[in-house]
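Shown next, in structure tokens, is the structure this report addresses.
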Amino acid sequence: MATSGKLDEATQMGRGVLNTPGALQNPHVVRGLSLAFRALALSKEEFAVYSGSLEYSPSDLSLHTKTFMVAAFHQMYKEQHQTALNISRLSKQDLHMWWVVASLMLEAKFCKQSSQERQLQLTLARRMSEKALEEGKLKTAEELRLYLDVLEMQDAYPQMIDVLAAEGELSAMIGNDPDL
């Protein structure tokens with residue numbers, strides 16, 4: 001129905017299924033609803049499909065990742081941040097820690113909030129990045145750019161210069177990237 005032009009009916013039916021107890025236990029329902037809500041440009045409902053299905057499969061990393069991607073696609077920065085935290089707790093992979101840093105930075109940059117909240121998010125993102133650097137977990141140019149973006153948002157230009165002037169693996173990473 002979502003692609004047939006019957007938008008009101010499709011929206012009403014989709015919301016009805018979404019609110020049906022237990023419907024989100026079925027992965028086929030989850031997939032179908034998410035596709036329908038995306039076609040209808042109903043971002044909050046699409047996110048609700050995946051986040052609601054997590055109630056039935058809280059340790060499903062793939063489902064958490066889809067939830068994160070939906071939040072990122074629709075620029076739902078607070079939801080993206082919360083989902084990134086959940087993924088980071090589940091997987092313990094370095095990549096997912098960087099998703100948390102990126103979501104903190106995006107939330108600080110684009111969400112309407114107080115200056116104090118913004119600075120708190122940037123400080124946390126910076127500390128996470130610095131800890132990753134100290135532990136040797138900053139391994140890609142993208143991660144380095146993310147760290148530099150956080151420093152720039154805090155007007156920490158001397159620290160940016162220190163990072164860019166670093167020796168060792170960072171130096172090689174910087175030397176191989178024309179944008180840095």
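Identifiers in this document derive from the order of the structure tokens: chains are assigned A, B, ..., residues are numbered from 1 separately in each chain, and ligands are numbered from 1 in order of occurrence.
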- Message: Using only C-alpha atoms, which protein or nucleic acid residues come within 10 Å of Ala108 of chain A? Drop anything in the same chain fewer than 5 positions from it, and give the result as JSON, numbers by chain.
- Response: {"A": [77, 78, 102, 103, 113, 114, 115, 117, 118, 119, 120, 121, 122, 125, 150, 153]}
- Task: Identify, on the basis of only C-alpha atoms, every residue whose closest approach to segment 134-139 of chain A does not exceed 9 Å; exclude the query and any residue fewer than 6 positions from it along the same chain; express the result as a list in words.
- Result: Asp94, Glu169, Leu170 and Met173 of chain A
Generate a file of the selected residues that holds N, CA and C atoms, formatted as an mmCIF file, in the first residue's frame.
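Output file again.cif follows:
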```cif
data_model
loop_
_atom_site.group_PDB
_atom_site.id
_atom_site.type_symbol
_atom_site.label_atom_id
_atom_site.label_comp_id
_atom_site.auth_asym_id
_atom_site.auth_seq_id
_atom_site.Cartn_x
_atom_site.Cartn_y
_atom_site.Cartn_z
ATOM 1 N N ASP A 94 36.295 -1.662 18.967
ATOM 2 C CA ASP A 94 36.768 -0.280 18.883
ATOM 3 C C ASP A 94 35.903 0.559 17.941
ATOM 4 N N GLU A 169 52.950 6.101 14.649
ATOM 5 C CA GLU A 169 51.872 5.680 13.751
ATOM 6 C C GLU A 169 51.011 6.854 13.289
ATOM 7 N N LEU A 170 50.744 7.796 14.185
ATOM 8 C CA LEU A 170 49.951 8.961 13.794
ATOM 9 C C LEU A 170 50.653 9.743 12.699
ATOM 10 N N MET A 173 50.141 8.013 9.486
ATOM 11 C CA MET A 173 48.755 8.177 9.059
ATOM 12 C C MET A 173 48.542 9.558 8.444
#
```
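Taking only C-alpha atoms into account, Glu142 of chain A lies nearest to A:Val101 out of the set A:Val17, A:Leu106, A:Leu124, A:Val101.
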Show me, as a tab-separated table, the residues of segment 68-107 of chain A having an atom within 9 Å of segment 47-61 of chain A, each with the closest atom pair and its distance in Å, using only C-alpha atoms.
```
residue	atom	partner	partner_atom	distance
A:Phe68	CA	A:Phe47	CA	8.8
A:Val70	CA	A:Phe47	CA	6.1
A:Ala71	CA	A:Phe47	CA	6.6
A:His74	CA	A:Phe47	CA	8.9
A:Glu79	CA	A:Phe47	CA	8.8
A:Thr83	CA	A:Ser51	CA	8.9
A:Ile87	CA	A:Leu61	CA	6.8
A:Leu90	CA	A:Ser59	CA	7.1
A:Ser91	CA	A:Leu61	CA	7.4
```
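The gap separating atom CA of His81 of chain A from atom CA of Ala156 of chain A is 23.2 Å, in Å to one decimal.
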- Item | Expected answer as a ChimeraX atom specification: helix (DSSP H, G or I) residues in segment 43-147 of chain A | /A:43-53,61-73,77-91,94-110,115-134,141-147
Write the residues of the selection above to a file with C-alpha atoms, as a short mmCIF file (atom, residue, chain, number, x, y, z; two decimals), in the first residue's frame.
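Full text of out_28.cif as output:
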```
data_model
loop_
_atom_site.label_atom_id
_atom_site.label_comp_id
_atom_site.auth_asym_id
_atom_site.auth_seq_id
_atom_site.Cartn_x
_atom_site.Cartn_y
_atom_site.Cartn_z
CA SER A 43 11.25 8.46 10.33
CA LYS A 44 10.02 8.26 13.93
CA GLU A 45 7.86 5.25 13.12
CA GLU A 46 10.71 3.55 11.26
CA PHE A 47 12.93 4.06 14.29
CA ALA A 48 10.13 2.82 16.58
CA VAL A 49 9.94 -0.43 14.58
CA TYR A 50 13.58 -1.28 15.23
CA SER A 51 13.77 0.04 18.77
CA GLY A 52 10.53 -1.78 19.62
CA SER A 53 11.84 -5.03 18.20
CA LEU A 61 23.83 -6.78 17.51
CA SER A 62 22.50 -6.73 13.95
CA LEU A 63 19.19 -5.27 15.13
CA HIS A 64 20.99 -2.64 17.22
CA THR A 65 23.10 -1.74 14.18
CA LYS A 66 19.99 -1.32 12.00
CA THR A 67 18.46 0.87 14.71
CA PHE A 68 21.63 3.01 14.73
CA MET A 69 21.65 3.29 10.94
CA VAL A 70 18.00 4.41 10.87
CA ALA A 71 18.72 7.06 13.50
CA ALA A 72 21.79 8.22 11.56
CA PHE A 73 19.93 8.26 8.23
CA TYR A 77 21.11 12.47 16.93
CA LYS A 78 19.91 11.77 20.47
CA GLU A 79 18.56 8.37 19.44
CA GLN A 80 21.73 7.70 17.45
CA HIS A 81 23.83 8.44 20.54
CA GLN A 82 21.76 6.21 22.81
CA THR A 83 21.84 3.37 20.30
CA ALA A 84 25.60 3.75 19.83
CA LEU A 85 26.03 3.43 23.61
CA ASN A 86 23.97 0.24 23.63
CA ILE A 87 25.98 -1.21 20.73
CA SER A 88 29.26 -0.27 22.41
CA ARG A 89 28.21 -2.08 25.59
CA LEU A 90 27.23 -5.17 23.61
CA SER A 91 30.15 -5.53 21.24
CA ASP A 94 36.77 -0.28 18.88
CA LEU A 95 34.66 0.67 15.87
CA HIS A 96 31.54 0.97 17.98
CA MET A 97 33.34 3.19 20.51
CA TRP A 98 33.99 5.58 17.63
CA TRP A 99 30.27 5.50 16.79
CA VAL A 100 29.68 6.84 20.30
CA VAL A 101 32.25 9.60 19.78
CA ALA A 102 30.71 10.54 16.43
CA SER A 103 27.20 10.58 17.84
CA LEU A 104 28.29 12.77 20.76
CA MET A 105 29.90 15.19 18.35
CA LEU A 106 26.86 15.29 16.06
CA GLU A 107 24.48 15.72 18.96
CA ALA A 108 26.58 18.60 20.29
CA LYS A 109 26.74 20.18 16.84
CA PHE A 110 23.14 19.89 15.69
CA SER A 115 25.98 25.44 26.04
CA GLN A 116 26.79 23.45 29.18
CA GLU A 117 25.25 20.24 27.76
CA ARG A 118 27.08 20.79 24.49
CA GLN A 119 30.43 21.22 26.26
CA LEU A 120 29.80 18.13 28.38
CA GLN A 121 29.21 16.02 25.27
CA LEU A 122 32.30 17.38 23.54
CA THR A 123 34.41 16.83 26.67
CA LEU A 124 33.25 13.22 26.85
CA ALA A 125 33.96 12.70 23.14
CA ARG A 126 37.40 14.24 23.59
CA ARG A 127 38.23 12.06 26.61
CA MET A 128 37.10 8.94 24.79
CA SER A 129 39.27 9.91 21.80
CA GLU A 130 42.28 10.68 23.97
CA LYS A 131 41.93 7.38 25.82
CA ALA A 132 41.75 5.58 22.46
CA LEU A 133 44.89 7.42 21.36
CA GLU A 134 46.74 6.46 24.56
CA ALA A 141 42.46 8.44 9.29
CA GLU A 142 38.69 8.68 9.82
CA GLU A 143 39.11 8.21 13.57
CA LEU A 144 41.85 10.83 13.59
CA ARG A 145 39.65 13.26 11.66
CA LEU A 146 36.84 12.67 14.13
CA TYR A 147 39.17 13.41 17.05
#
```
